[in-house]
Amino acid sequence: MLTEASLAAIAERGVRVLADYLPPRVSRSADYKRIFELERKLGGRPEFAAVSRYTHCLARCVSSVAEDGA
C-alpha cells in the first residue's frame, strides 16, 4: 500500500499486540503501566507485530529518499 502511494517505510511497529487478548479478569487499570510497557517492547519485535491488531508505519515520499541520497 505504501509503495502504491509512492512512500517508503522508515519505521513499522505493532499496536495493541497484547491488551486486546487479555482475559477480562486482568485489571487493565491496576496493571496499566506494566501492560503498556510490555506493549511497547513487543510492538517493536516483528514476530509479535505480525499478530498485533494494528500496524503503525512511518513513511516518507520516495522522491525525498532519492533527493536525500544525492
# chains A, B, ... in the order shown; residues from 1 in each chain; ligands from 1
>>> residues_around(residues="range 12-25 of chain A", least_positions_apart="4", cutoff="10 Å", atoms="only C-alpha atoms", output="list in words")
Tyr32, Ile35, Phe36, Leu38, Glu39, Arg40, Lys41, Leu42, Gly43, Gly44, Arg45, Pro46, Glu47, Phe48, Ala49, Ala50, Val51, Ser52, Arg53, Tyr54, Thr55, His56, Cys57, Leu58 and Ala59 of chain A
>>> select_by_dssp(residues="chain A", states="helix (DSSP H, G or I)", output="list of chain:residue names")
A:Ala19, A:Asp20, A:Tyr21, A:Tyr32, A:Lys33, A:Arg34, A:Ile35, A:Phe36, A:Glu37, A:Leu38, A:Glu39, A:Arg40, A:Lys41, A:Leu42, A:Gly43, A:Pro46, A:Glu47, A:Phe48, A:Ala49, A:Val62, A:Ser63, A:Ser64, A:Val65, A:Ala66, A:Glu67, A:Asp68, A:Gly69
>>> write_last_selection(atoms="C-alpha atoms", output="tab-separated table (two decimals), in the first residue's frame")
chain	number	residue	atom	x	y	z
A	19	ALA	CA	-4.02	-5.84	25.59
A	20	ASP	CA	-6.93	-6.88	23.37
A	21	TYR	CA	-6.22	-10.53	24.03
A	32	TYR	CA	-1.79	-0.30	33.12
A	33	LYS	CA	1.90	0.61	33.47
A	34	ARG	CA	3.08	-2.98	33.20
A	35	ILE	CA	0.80	-3.77	30.25
A	36	PHE	CA	1.79	-0.55	28.46
A	37	GLU	CA	5.50	-1.23	28.90
A	38	LEU	CA	5.10	-4.78	27.59
A	39	GLU	CA	3.06	-3.49	24.62
A	40	ARG	CA	5.89	-1.08	23.75
A	41	LYS	CA	8.52	-3.81	23.89
A	42	LEU	CA	6.55	-6.40	21.94
A	43	GLY	CA	5.30	-3.93	19.32
A	46	PRO	CA	8.48	-8.31	14.13
A	47	GLU	CA	7.24	-11.70	15.35
A	48	PHE	CA	4.80	-10.01	17.75
A	49	ALA	CA	3.98	-7.07	15.50
A	62	VAL	CA	10.09	8.15	-2.30
A	63	SER	CA	11.24	11.30	-4.10
A	64	SER	CA	12.53	12.64	-0.74
A	65	VAL	CA	14.52	9.43	-0.21
A	66	ALA	CA	16.16	9.84	-3.63
A	67	GLU	CA	16.90	13.54	-3.04
A	68	ASP	CA	18.48	12.87	0.38
A	69	GLY	CA	20.84	10.29	-1.09
>>> select_by_dssp(residues="chain A", states="strand (DSSP E)", output="list in words")
Leu7, Ala8, Ala9, Ile10, Ala11, Glu12, Arg13, Gly14, Val15, Tyr54, Thr55, His56, Cys57, Leu58, Ala59, Arg60 and Cys61 of chain A
